[in-house]
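Please read the structure below before turning to the comments.
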Amino acid sequence: MPGVLVFCEVSEGRLKKASREALSIGRKLAEKAGGDLAAFVAGSGAAGVAAECGKYGAKKLYAGAHGSLDNYTTEAYATVLQQVVKDSSPSILLFGGTSNGRDLAPRLAARLNVGVASDVDRLEWNDGKLRARRPVYSGKAFATVDVTGAPAIATCRPNAFPAEESAGGAAEIVNVTAQGESRARVIETKISEAGEVSLAEADIIVSGGRGLKEGSNFSLIRDLAHAIGGAVGASRAIVDAGWVDHQYQVGQTGRVVSPNLYIAAGVSGAIQHLAGMSSSKHIVAINKDAEAPIFRIADLAVVGDLFQILPALTEEVKKAKAH
Amino acid sequence: MIARRLAPPVHGISNAVSAARANPLEVPVNSVVCVTHVPDTESRIKVSGRGIDEAGLKFIVSPYDEYALEAAIRLKEAKGGDVTVVTFGPDRAAHALRECLARGATKAIHVKGDVATADSLGVAKVLAAAIKGIPHDIVLFGKQGVGGDNALVGPMVAELLGYPQINVVTHLEVGEGTLKAHRELEGSEEVIEAPMPAVITAQKGLNEPRYSSLKGIMAAKKVAVDTKSVADLGLSEADIFNQRVVYVSLELPAEKSGGRKIDGADPAAAAREILKYIREEAKAL
């Protein structure tokens with residue numbers, strides 16, 4: 001029976017957060033669209049997440065356990081997922097908005113001759129169609145679109161859909177024997193920031209801007225981020241100045257983020273930066289300029305000296321965590 | 001599949017200087033760069049019907065496409081070959097092509113059409129059909145068009161042409177018949193090798209794009225842009241427009257009401273106040 005299929009990824013034996021979120025919204029859609037929720041996981045450890053998939057509502061786990069799938073490659077994954085789509089003919093196919101999800105979804109969609117709504121933050125089943133809302137112009141506007149293909153494909157924006165467990169037992173494992181080949185080969189993987197929280201999926205982001213005055217002062221941002229368990233972010237100005245790497249840039253030519261808590265220190269709030277973070281649920285801004293544009297969207301606006309307030313806040317957070 | 005070395009590099013007016021610099025021992029590399037014409041990132045967006053109100057907006061080459069173009073121009077300068085820029089868009093998109101020619105692209109193709117009503121796969125079909133008619137070893141895109149923010153067209157074109165893809169590339173080396181690229185992921189990077197032709201989507205950091213020179217702008221004026229319609233490419237308009245992903249509405253986000261403002265003159269008191277907010281309202285600790 002047609003239902004919802006979710007492409008899931010595993011990291012250290014657990015479903016990635018983006019996959020748990022996609023399963024959670026997938027379960028709600030399956031209730032409306034009819035049919036069951038199923039997960040597809042690739043790699044030799046795939047069957048190991050059957051219980052966790054079940055906890056998020058999946059009835060079946062399509063496990064692509066062939067060794068050719070142990071490491072992600074676009075072409076091999078597209079070949080195998082295409083086979084699973086053919087076997088299960090879902091009405092909806094969802095991907096978490098990870099690097100791999102966003103790499104694979106368009107490749108497979110072109111092969112199946114169907115459309116994709118990418119980076120969506122709302123999904124509903126409406127009159128036999130998948131209706132999606134997606135931020136455009138980095139969140140300066142929101143487009144609502146209908147995806148009419150079979151399957152209708154969407155990639156889910158990280159942090160937009162809460163991961164919610166349901167009371168399901170372990171998903172039934174369906175072995176997928178298909179294997180894929182890839183002409184593009186990964187010859188090396190470099191871990192750039194071991195132990196750091198990824199910006200896209202972070203619940204808390206601490207972000208710095210030109211108000212830090214010089215690159216070495218970015219340590220104030222890192223210290224607070226580490227204390228609070230968040231990711232670090234940066235304005236375009238300090239990325240272009242070479243203080244921090246581009247992977248930390250929040251905004252229209254960086255990452256668009258929507259964490260639960262965004263703390264901006266010394267960020268004035270250029271329109272491109274605001275576009276990239278204004279959908280954060282709680283925004284704290286620290287700036288010495290009472291007229292800084294960031295204060296227009298801040299829930300808590302602190303007019304003051306970040307060089308004094310950030311270390312004091314880091315200490316308070318450490319004290320609070322110690323309790 | 002298009003055979004390599006199908007066409008010798010064309011030493012047109014605009015690339016004569018840089019082509020002369022190319023190493024004669026290198027095998028020329030022909031690049032296609034797909035670009036899109038988008039509102040400047042500083043623009044305020046106004047809604048008109050199901051789309052944006054373009055009146056008064058300044059349009060630019062989409063920022064990530066600039067990294068793709070720069071990579072192609074550097075290949076041309078090092079190895080020779082053509083850099084063909086392709087766009088699918090309304091009349092105004094011709095300005096994007098002129099800008100690319102002024103920076104060092106050697107040829108330009110403009111497929112005219114109301115791209116705003118085409119979904120990403122429709123756009124990809126148009127671009128793939130146009131690319132098939134151009135000798136090429138590598139096809140480059142920005143990692144996403146700024147504005148639509150779909151990040152779909154590059155991989156879709158790769159699939160339609162049957163090529164490998166490497167997405168979100170921060171480093172690129174082109175050899176003979178193969179290329180090596182660094183792909184950015186969350187907190188890590190993959191070094192990927194692929195046979196050519198291949199599709200690359202460019203991330204910020206790949207290079208530092210050049211500005212157009214006055215000389216480049218003058219030379220670009222002498223290059224004829226090859227203008228085509230969707231029908232000229234042998235495609236059915238019904239398969240390109242208002243298909244698969246259909247716009248229902250476009251809305252601006254709700255205005256955020258201003259939050260609470262506190263005076264941080266006493267840093268310790270301000271820090272305690274922030275912590276209270278974090279714990280009680282954001283419930284984040």
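Lettering and numbering for the structure tokens are positional, with chains as A, B, ... in the shown order, residues counted from 1 in each chain, and ligands counted from 1 in the shown order.
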Q.
Taking 2 positions as the minimum chain separation for residues in the same chain, which residues sit within 9 Å of range 178-189 of chain B when counting only C-alpha atoms? Answer as a PyMOL selection string.
A. (chain A and resi 98-100+188-200+247) or (chain B and resi 166-176+191-198+200+203)
- request: Can you check which residues of chain B have any atom within 6 Å of chain A? Use only C-alpha atoms and format it as an MDAnalysis selection string.
  value: chainID B and resid 147:148 150 152 155:156 159 164 185:194 244:253 256 258:265 267:268 271
Write the selection just made, keeping N, CA, C and O atoms, as a short mmCIF file (atom, residue, chain, number, x, y, z; two decimals), in the first residue's frame?
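result_31.cif, written as the output of this step:
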```
data_model
loop_
_atom_site.label_atom_id
_atom_site.label_comp_id
_atom_site.auth_asym_id
_atom_site.auth_seq_id
_atom_site.Cartn_x
_atom_site.Cartn_y
_atom_site.Cartn_z
N GLY B 147 18.02 33.10 -3.76
CA GLY B 147 16.66 33.59 -3.96
C GLY B 147 15.70 32.41 -3.94
O GLY B 147 15.01 32.19 -2.97
N GLY B 148 15.70 31.62 -5.02
CA GLY B 148 14.89 30.40 -5.05
C GLY B 148 15.42 29.40 -4.02
O GLY B 148 14.66 28.64 -3.43
N ASN B 150 16.78 26.61 -4.07
CA ASN B 150 16.41 25.21 -4.19
C ASN B 150 17.60 24.27 -4.09
O ASN B 150 17.50 23.20 -3.52
N LEU B 152 18.84 22.47 -6.49
CA LEU B 152 18.41 21.23 -7.14
C LEU B 152 18.93 21.08 -8.57
O LEU B 152 19.13 19.97 -9.05
N PRO B 155 22.51 18.94 -9.69
CA PRO B 155 22.41 17.47 -9.67
C PRO B 155 21.38 16.94 -10.69
O PRO B 155 21.57 15.85 -11.24
N MET B 156 20.31 17.68 -10.91
CA MET B 156 19.31 17.21 -11.89
C MET B 156 19.91 17.20 -13.30
O MET B 156 19.70 16.26 -14.07
N GLU B 159 22.15 14.21 -13.70
CA GLU B 159 21.39 12.99 -13.96
C GLU B 159 20.89 12.96 -15.41
O GLU B 159 21.01 11.95 -16.10
N PRO B 164 28.68 12.05 -13.57
CA PRO B 164 28.86 12.13 -12.12
C PRO B 164 28.69 13.58 -11.65
O PRO B 164 28.86 14.51 -12.44
N LEU B 185 30.84 18.92 3.68
CA LEU B 185 29.72 18.31 4.41
C LEU B 185 29.65 18.94 5.78
O LEU B 185 30.45 19.81 6.10
N GLU B 186 28.73 18.47 6.63
CA GLU B 186 28.64 18.98 7.99
C GLU B 186 29.89 18.58 8.76
O GLU B 186 30.08 17.41 9.05
N GLY B 187 30.75 19.53 9.05
CA GLY B 187 31.91 19.27 9.89
C GLY B 187 33.00 18.42 9.24
O GLY B 187 33.94 18.01 9.92
N SER B 188 32.88 18.10 7.97
CA SER B 188 33.95 17.35 7.31
C SER B 188 33.96 17.68 5.82
O SER B 188 33.14 18.44 5.32
N GLU B 189 34.92 17.08 5.15
CA GLU B 189 35.10 17.36 3.73
C GLU B 189 35.53 16.06 3.07
O GLU B 189 36.33 15.31 3.63
N GLU B 190 34.99 15.77 1.89
CA GLU B 190 35.41 14.60 1.13
C GLU B 190 36.24 15.04 -0.06
O GLU B 190 35.91 16.04 -0.70
N VAL B 191 37.29 14.29 -0.34
CA VAL B 191 38.02 14.50 -1.59
C VAL B 191 37.51 13.45 -2.57
O VAL B 191 37.57 12.25 -2.29
N ILE B 192 36.94 13.91 -3.67
CA ILE B 192 36.28 13.00 -4.61
C ILE B 192 36.95 13.10 -5.97
O ILE B 192 37.26 14.19 -6.45
N GLU B 193 37.15 11.94 -6.58
CA GLU B 193 37.71 11.90 -7.93
C GLU B 193 36.63 11.38 -8.87
O GLU B 193 35.90 10.45 -8.53
N ALA B 194 36.52 11.99 -10.04
CA ALA B 194 35.50 11.56 -10.98
C ALA B 194 36.00 11.73 -12.41
O ALA B 194 36.79 12.63 -12.69
N ARG B 244 4.87 19.73 -11.92
CA ARG B 244 5.53 19.02 -10.80
C ARG B 244 5.57 19.78 -9.48
O ARG B 244 5.13 19.24 -8.47
N VAL B 245 6.12 20.99 -9.48
CA VAL B 245 6.11 21.81 -8.26
C VAL B 245 5.46 23.13 -8.64
O VAL B 245 6.02 23.91 -9.41
N VAL B 246 4.27 23.36 -8.13
CA VAL B 246 3.47 24.49 -8.61
C VAL B 246 3.28 25.49 -7.46
O VAL B 246 2.87 25.12 -6.36
N TYR B 247 3.60 26.74 -7.73
CA TYR B 247 3.45 27.79 -6.73
C TYR B 247 1.98 28.03 -6.40
O TYR B 247 1.18 28.23 -7.29
N VAL B 248 1.67 28.02 -5.12
CA VAL B 248 0.32 28.32 -4.66
C VAL B 248 0.27 29.77 -4.17
O VAL B 248 -0.63 30.53 -4.50
N SER B 249 1.26 30.17 -3.38
CA SER B 249 1.29 31.54 -2.87
C SER B 249 2.70 31.91 -2.42
O SER B 249 3.55 31.03 -2.23
N LEU B 250 2.90 33.21 -2.30
CA LEU B 250 4.16 33.72 -1.75
C LEU B 250 3.79 34.76 -0.70
O LEU B 250 2.97 35.63 -0.94
N GLU B 251 4.38 34.61 0.49
CA GLU B 251 4.03 35.53 1.58
C GLU B 251 5.28 36.04 2.27
O GLU B 251 6.30 35.36 2.32
N LEU B 252 5.16 37.21 2.85
CA LEU B 252 6.24 37.74 3.66
C LEU B 252 6.09 37.21 5.08
O LEU B 252 4.98 36.92 5.52
N PRO B 253 7.19 37.04 5.79
CA PRO B 253 7.07 36.56 7.17
C PRO B 253 6.35 37.59 8.04
O PRO B 253 6.39 38.79 7.74
N LYS B 256 8.10 40.76 13.21
CA LYS B 256 8.38 40.40 14.59
C LYS B 256 8.17 41.63 15.46
O LYS B 256 8.67 42.70 15.15
N GLY B 258 8.98 43.96 18.49
CA GLY B 258 10.23 44.18 19.20
C GLY B 258 10.22 43.48 20.54
O GLY B 258 9.19 43.37 21.20
N GLY B 259 11.36 42.97 20.95
CA GLY B 259 11.44 42.25 22.22
C GLY B 259 11.72 43.20 23.36
O GLY B 259 11.48 44.40 23.27
N ARG B 260 12.25 42.65 24.42
CA ARG B 260 12.57 43.40 25.61
C ARG B 260 13.98 43.96 25.47
O ARG B 260 14.88 43.26 25.03
N LYS B 261 14.18 45.21 25.86
CA LYS B 261 15.51 45.80 25.79
C LYS B 261 16.03 46.03 27.20
O LYS B 261 15.31 46.57 28.03
N ILE B 262 17.25 45.60 27.47
CA ILE B 262 17.80 45.86 28.80
C ILE B 262 19.13 46.59 28.67
O ILE B 262 19.83 46.48 27.67
N ASP B 263 19.47 47.31 29.72
CA ASP B 263 20.71 48.07 29.76
C ASP B 263 21.81 47.18 30.33
O ASP B 263 21.65 46.64 31.42
N GLY B 264 22.87 47.00 29.54
CA GLY B 264 23.93 46.11 29.98
C GLY B 264 25.09 46.81 30.66
O GLY B 264 26.20 46.28 30.69
N ALA B 265 24.84 48.00 31.23
CA ALA B 265 25.93 48.76 31.86
C ALA B 265 26.57 47.97 33.00
O ALA B 265 27.77 48.07 33.23
N PRO B 267 27.63 44.48 33.69
CA PRO B 267 27.77 43.22 32.95
C PRO B 267 27.29 42.00 33.73
O PRO B 267 26.68 41.09 33.16
N ALA B 268 27.57 41.96 35.02
CA ALA B 268 27.18 40.79 35.82
C ALA B 268 25.67 40.68 35.89
O ALA B 268 25.10 39.59 35.73
N ALA B 271 24.39 39.56 32.49
CA ALA B 271 24.63 38.13 32.27
C ALA B 271 23.59 37.29 33.00
O ALA B 271 23.08 36.31 32.46
#
```
Requested in this report: Kindly indicate which residue among A:Val257, A:Val4, A:Leu23, A:Ala265 lies nearest to Lys55 in chain A, using only C-alpha atoms for the distances.
Outcome: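 Going through A:Val257, A:Val4, A:Leu23, A:Ala265 one by one, the smallest distance to Lys55 in chain A is for A:Leu23.
Put simply, CA of Gly177 in chain B is 27.7 Å away from CA of Thr36 in chain B.
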So how many Å separate CA of Pro63 in chain B and CA of Pro293 in chain A, to one decimal?
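For CA of Pro63 in chain B relative to CA of Pro293 in chain A, the distance reads 23.8 Å.
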For Lys16 in chain A, work out the shell of residues within 12 Å, counting only C-alpha atoms and skipping chain neighbours fewer than 2 positions away, then give it as an mmCIF file with N, CA, C and O atoms, in the first residue's frame.
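Contents of selection_15.cif, as written:
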```cif
data_model
loop_
_atom_site.group_PDB
_atom_site.id
_atom_site.type_symbol
_atom_site.label_atom_id
_atom_site.label_comp_id
_atom_site.auth_asym_id
_atom_site.auth_seq_id
_atom_site.Cartn_x
_atom_site.Cartn_y
_atom_site.Cartn_z
ATOM 1 N N PHE A 7 14.240 8.614 3.546
ATOM 2 C CA PHE A 7 15.669 8.282 3.426
ATOM 3 C C PHE A 7 16.342 8.672 4.738
ATOM 4 O O PHE A 7 16.336 9.839 5.115
ATOM 5 N N CYS A 8 16.868 7.666 5.457
ATOM 6 C CA CYS A 8 17.445 7.927 6.776
ATOM 7 C C CYS A 8 18.941 7.674 6.774
ATOM 8 O O CYS A 8 19.431 6.786 6.084
ATOM 9 N N GLU A 9 19.644 8.444 7.571
ATOM 10 C CA GLU A 9 21.092 8.278 7.699
ATOM 11 C C GLU A 9 21.452 7.963 9.137
ATOM 12 O O GLU A 9 20.787 8.411 10.069
ATOM 13 N N VAL A 10 22.518 7.175 9.273
ATOM 14 C CA VAL A 10 22.941 6.698 10.582
ATOM 15 C C VAL A 10 24.319 7.262 10.888
ATOM 16 O O VAL A 10 25.179 7.339 10.020
ATOM 17 N N SER A 11 24.487 7.692 12.132
ATOM 18 C CA SER A 11 25.793 8.151 12.573
ATOM 19 C C SER A 11 26.066 7.516 13.933
ATOM 20 O O SER A 11 25.250 7.635 14.847
ATOM 21 N N GLU A 12 27.170 6.815 14.048
ATOM 22 C CA GLU A 12 27.543 6.114 15.283
ATOM 23 C C GLU A 12 26.404 5.257 15.822
ATOM 24 O O GLU A 12 26.072 5.302 17.004
ATOM 25 N N GLY A 13 25.783 4.494 14.909
ATOM 26 C CA GLY A 13 24.783 3.529 15.332
ATOM 27 C C GLY A 13 23.408 4.091 15.649
ATOM 28 O O GLY A 13 22.498 3.351 16.030
ATOM 29 N N ARG A 14 23.248 5.413 15.481
ATOM 30 C CA ARG A 14 21.936 6.040 15.752
ATOM 31 C C ARG A 14 21.469 6.786 14.523
ATOM 32 O O ARG A 14 22.269 7.249 13.706
ATOM 33 N N ALA A 18 18.345 14.761 11.773
ATOM 34 C CA ALA A 18 17.551 15.154 10.602
ATOM 35 C C ALA A 18 16.650 14.007 10.145
ATOM 36 O O ALA A 18 15.533 14.222 9.684
ATOM 37 N N SER A 19 17.139 12.766 10.307
ATOM 38 C CA SER A 19 16.341 11.597 9.909
ATOM 39 C C SER A 19 15.188 11.378 10.879
ATOM 40 O O SER A 19 14.066 11.042 10.484
ATOM 41 N N ARG A 20 15.458 11.579 12.179
ATOM 42 C CA ARG A 20 14.383 11.434 13.177
ATOM 43 C C ARG A 20 13.293 12.476 12.941
ATOM 44 O O ARG A 20 12.106 12.196 13.059
ATOM 45 N N GLU A 21 13.737 13.680 12.581
ATOM 46 C CA GLU A 21 12.753 14.740 12.303
ATOM 47 C C GLU A 21 11.917 14.394 11.065
ATOM 48 O O GLU A 21 10.699 14.582 11.053
ATOM 49 N N ALA A 22 12.583 13.877 10.036
ATOM 50 C CA ALA A 22 11.866 13.548 8.795
ATOM 51 C C ALA A 22 10.893 12.388 9.026
ATOM 52 O O ALA A 22 9.774 12.380 8.509
ATOM 53 N N LEU A 23 11.313 11.404 9.847
ATOM 54 C CA LEU A 23 10.398 10.302 10.170
ATOM 55 C C LEU A 23 9.174 10.830 10.916
ATOM 56 O O LEU A 23 8.046 10.395 10.682
ATOM 57 N N VAL A 41 17.474 2.705 4.939
ATOM 58 C CA VAL A 41 18.799 2.971 5.493
ATOM 59 C C VAL A 41 19.806 2.143 4.706
ATOM 60 O O VAL A 41 19.561 0.966 4.417
ATOM 61 N N VAL A 49 19.276 -0.179 13.244
ATOM 62 C CA VAL A 49 18.420 0.926 13.693
ATOM 63 C C VAL A 49 16.927 0.591 13.555
ATOM 64 O O VAL A 49 16.088 1.486 13.615
ATOM 65 N N GLU A 52 14.979 1.793 16.536
ATOM 66 C CA GLU A 52 14.864 3.256 16.585
ATOM 67 C C GLU A 52 13.906 3.771 15.501
ATOM 68 O O GLU A 52 13.107 4.683 15.750
ATOM 69 N N CYS A 53 13.956 3.162 14.323
ATOM 70 C CA CYS A 53 13.019 3.554 13.257
ATOM 71 C C CYS A 53 11.583 3.302 13.718
ATOM 72 O O CYS A 53 10.686 4.116 13.479
ATOM 73 N N PHE A 95 13.418 13.394 2.622
ATOM 74 C CA PHE A 95 14.835 13.370 2.971
ATOM 75 C C PHE A 95 15.061 14.391 4.085
ATOM 76 O O PHE A 95 14.477 15.478 4.053
ATOM 77 N N GLY A 96 15.926 14.064 5.051
ATOM 78 C CA GLY A 96 16.407 15.089 5.970
ATOM 79 C C GLY A 96 17.291 16.035 5.181
ATOM 80 O O GLY A 96 17.934 15.634 4.215
ATOM 81 N N GLY A 97 17.316 17.297 5.609
ATOM 82 C CA GLY A 97 18.081 18.290 4.844
ATOM 83 C C GLY A 97 19.563 18.285 5.158
ATOM 84 O O GLY A 97 20.153 19.317 5.451
ATOM 85 N N THR A 98 20.188 17.105 5.102
ATOM 86 C CA THR A 98 21.634 16.992 5.305
ATOM 87 C C THR A 98 22.346 17.189 3.974
ATOM 88 O O THR A 98 21.715 17.225 2.919
ATOM 89 N N ASN A 100 24.019 14.985 2.380
ATOM 90 C CA ASN A 100 23.739 13.832 1.518
ATOM 91 C C ASN A 100 22.292 13.808 1.051
ATOM 92 O O ASN A 100 22.012 13.488 -0.102
ATOM 93 N N GLY A 101 21.362 14.155 1.931
ATOM 94 C CA GLY A 101 19.955 14.201 1.541
ATOM 95 C C GLY A 101 19.723 15.181 0.403
ATOM 96 O O GLY A 101 19.005 14.899 -0.560
ATOM 97 N N PRO A 158 16.432 21.255 8.574
ATOM 98 C CA PRO A 158 16.768 20.827 9.936
ATOM 99 C C PRO A 158 16.120 21.752 10.974
ATOM 100 O O PRO A 158 16.030 22.964 10.754
ATOM 101 N N ALA A 163 11.376 16.167 16.401
ATOM 102 C CA ALA A 163 11.473 14.707 16.435
ATOM 103 C C ALA A 163 10.590 14.196 17.565
ATOM 104 O O ALA A 163 10.805 14.548 18.713
ATOM 105 N N SER A 198 27.253 20.765 14.619
ATOM 106 C CA SER A 198 27.033 21.262 13.266
ATOM 107 C C SER A 198 26.042 22.421 13.270
ATOM 108 O O SER A 198 25.016 22.393 13.948
ATOM 109 N N GLU A 201 22.199 21.857 12.222
ATOM 110 C CA GLU A 201 21.311 21.076 13.083
ATOM 111 C C GLU A 201 21.310 21.566 14.527
ATOM 112 O O GLU A 201 20.612 21.019 15.364
ATOM 113 N N GLU B 186 28.729 18.466 6.633
ATOM 114 C CA GLU B 186 28.637 18.982 7.988
ATOM 115 C C GLU B 186 29.893 18.583 8.760
ATOM 116 O O GLU B 186 30.084 17.411 9.051
#
```
Within 8 Å of Leu69 in chain A, counting only C-alpha atoms, which residues qualify if same-chain residues fewer than 2 places away don't, as a ChimeraX atom specification? /A:42-44,64-67,71-73,76-77,179-180
(Q) So that I can check the secondary structure, give me every residue of range 56-256 of chain B assigned strand (DSSP E) by backbone DSSP, as a ChimeraX atom specification. (A) /B:59-61,83-89,107-112,138-142,165-174,178-185,188-195,198-202,226-229,245-251
| request: Run DSSP on the backbone and grab whatever in range 27-262 of chain B lands in alpha helix (DSSP H); send it over as a ChimeraX atom specification. | output: /B:63-79,94-103,120-132,153-161,214-221,237-240
inquiry  = Need the shell around Thr84 in chain B: protein/DNA/RNA residues with any atom at most 12 Å away, counting only C-alpha atoms. Skip same-chain ones fewer than 2 positions apart. Format as an MDAnalysis selection string?
reply    = chainID B and resid 9:10 12 15 29:35 68:69 72:73 76 81:82 86:87 97:98 100:101 104:110 130:131 133:140 223:226
Just C-alpha atoms for this one: save the residues we selected as a JSON list (two decimals), in the first residue's frame.
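Here's the written file out.json:
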```json
[["chain", "number", "residue", "atom", "x", "y", "z"],
["B", 9, "PRO", "CA", 39.47, 26.11, -28.42],
["B", 10, "VAL", "CA", 38.01, 29.09, -30.14],
["B", 12, "GLY", "CA", 37.54, 34.69, -29.86],
["B", 15, "ASN", "CA", 39.68, 35.46, -24.69],
["B", 29, "VAL", "CA", 39.28, 22.07, -21.28],
["B", 30, "ASN", "CA", 35.90, 23.28, -22.44],
["B", 31, "SER", "CA", 33.64, 24.46, -19.65],
["B", 32, "VAL", "CA", 29.96, 25.26, -19.51],
["B", 33, "VAL", "CA", 28.82, 27.50, -16.67],
["B", 34, "CYS", "CA", 25.10, 27.76, -15.94],
["B", 35, "VAL", "CA", 24.16, 31.05, -14.33],
["B", 68, "ALA", "CA", 31.70, 28.55, -10.80],
["B", 69, "LEU", "CA", 32.50, 31.10, -13.50],
["B", 72, "ALA", "CA", 36.04, 27.99, -15.48],
["B", 73, "ILE", "CA", 37.91, 31.14, -16.48],
["B", 76, "LYS", "CA", 40.70, 28.47, -19.70],
["B", 81, "GLY", "CA", 39.43, 25.98, -24.22],
["B", 82, "ASP", "CA", 36.08, 27.74, -24.20],
["B", 86, "VAL", "CA", 24.21, 29.48, -20.34],
["B", 87, "THR", "CA", 21.16, 31.00, -18.74],
["B", 97, "LEU", "CA", 25.53, 36.81, -19.59],
["B", 98, "ARG", "CA", 27.16, 40.14, -20.51],
["B", 100, "CYS", "CA", 30.12, 36.82, -17.41],
["B", 101, "LEU", "CA", 31.50, 37.59, -20.88],
["B", 104, "GLY", "CA", 36.29, 36.19, -19.39],
["B", 105, "ALA", "CA", 33.61, 33.79, -20.67],
["B", 106, "THR", "CA", 33.99, 33.26, -24.42],
["B", 107, "LYS", "CA", 30.48, 32.30, -25.56],
["B", 108, "ALA", "CA", 26.95, 32.76, -24.28],
["B", 109, "ILE", "CA", 23.61, 31.08, -24.78],
["B", 110, "HIS", "CA", 20.36, 32.63, -23.60],
["B", 130, "ALA", "CA", 21.21, 23.48, -24.32],
["B", 131, "ILE", "CA", 24.42, 21.94, -22.92],
["B", 133, "GLY", "CA", 24.79, 21.26, -28.17],
["B", 134, "ILE", "CA", 28.05, 22.65, -26.73],
["B", 135, "PRO", "CA", 31.41, 20.83, -26.63],
["B", 136, "HIS", "CA", 32.24, 20.43, -22.95],
["B", 137, "ASP", "CA", 34.38, 18.55, -20.46],
["B", 138, "ILE", "CA", 33.00, 20.06, -17.27],
["B", 139, "VAL", "CA", 29.68, 21.69, -16.37],
["B", 140, "LEU", "CA", 29.68, 24.13, -13.47],
["B", 223, "VAL", "CA", 30.36, 38.61, -28.63],
["B", 224, "ALA", "CA", 26.99, 37.63, -30.07],
["B", 225, "VAL", "CA", 24.72, 35.92, -27.55],
["B", 226, "ASP", "CA", 23.07, 32.84, -29.05]]
```
Open item on the list: As an exercise, work out the distance from CA of Val47 in chain B to CA of Ile294 in chain A in Å and give it to one decimal place.
Closed with: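 Computed distance, CA of Val47 in chain B to CA of Ile294 in chain A, equals 23.3 Å.
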I want to know what sits within 10 Å of Lys60 in chain A, based on only C-alpha atoms, with residues of the same chain fewer than 2 positions away left out; could you give that as a short mmCIF file (atom, residue, chain, number, x, y, z; two decimals) with N, CA and C atoms, in the first residue's frame?
```cif
data_model
loop_
_atom_site.label_atom_id
_atom_site.label_comp_id
_atom_site.auth_asym_id
_atom_site.auth_seq_id
_atom_site.Cartn_x
_atom_site.Cartn_y
_atom_site.Cartn_z
N LEU A 5 7.87 7.11 2.46
CA LEU A 5 9.20 6.53 2.59
C LEU A 5 10.17 7.65 2.97
N ASP A 36 1.53 3.17 5.18
CA ASP A 36 2.44 3.11 6.31
C ASP A 36 3.67 3.98 6.10
N LEU A 37 4.35 4.21 7.22
CA LEU A 37 5.63 4.90 7.17
C LEU A 37 6.73 3.85 7.06
N ALA A 38 7.65 4.06 6.12
CA ALA A 38 8.79 3.15 5.97
C ALA A 38 10.07 3.97 5.92
N ALA A 39 11.17 3.34 6.34
CA ALA A 39 12.47 4.00 6.30
C ALA A 39 13.38 3.24 5.36
N PHE A 40 14.28 3.95 4.71
CA PHE A 40 15.35 3.30 3.96
C PHE A 40 16.68 3.70 4.59
N ALA A 50 16.60 -0.70 13.41
CA ALA A 50 15.19 -1.10 13.24
C ALA A 50 14.34 -0.65 14.42
N CYS A 53 13.96 3.16 14.32
CA CYS A 53 13.02 3.55 13.26
C CYS A 53 11.58 3.30 13.72
N GLY A 54 11.38 2.17 14.38
CA GLY A 54 10.05 1.83 14.88
C GLY A 54 9.57 2.84 15.90
N GLY A 57 7.92 5.55 14.41
CA GLY A 57 6.69 5.27 13.67
C GLY A 57 6.84 4.45 12.41
N ALA A 58 8.08 4.07 12.04
CA ALA A 58 8.26 3.30 10.81
C ALA A 58 7.81 1.86 11.02
N TYR A 62 13.63 -0.66 5.06
CA TYR A 62 14.32 -1.20 3.89
C TYR A 62 15.80 -1.04 4.14
N ALA A 63 16.49 -2.15 4.31
CA ALA A 63 17.91 -2.13 4.69
C ALA A 63 18.77 -2.50 3.49
N ALA A 170 9.71 -2.37 16.99
CA ALA A 170 10.77 -2.35 15.98
C ALA A 170 10.19 -2.49 14.58
N ALA A 171 10.77 -1.77 13.64
CA ALA A 171 10.32 -1.86 12.25
C ALA A 171 10.71 -3.22 11.67
N GLU A 172 9.84 -3.73 10.81
CA GLU A 172 10.12 -5.00 10.14
C GLU A 172 11.21 -4.76 9.08
N ILE A 173 12.24 -5.60 9.13
CA ILE A 173 13.37 -5.38 8.21
C ILE A 173 13.11 -6.05 6.86
N VAL A 174 13.23 -5.27 5.82
CA VAL A 174 13.13 -5.79 4.46
C VAL A 174 14.52 -5.66 3.84
#
```
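Candidate residues B:Pro24, B:Glu99, B:Glu54, B:Ala71 were compared for distance to Asn207 in chain B, and the nearest is B:Ala71, using only C-alpha atoms.
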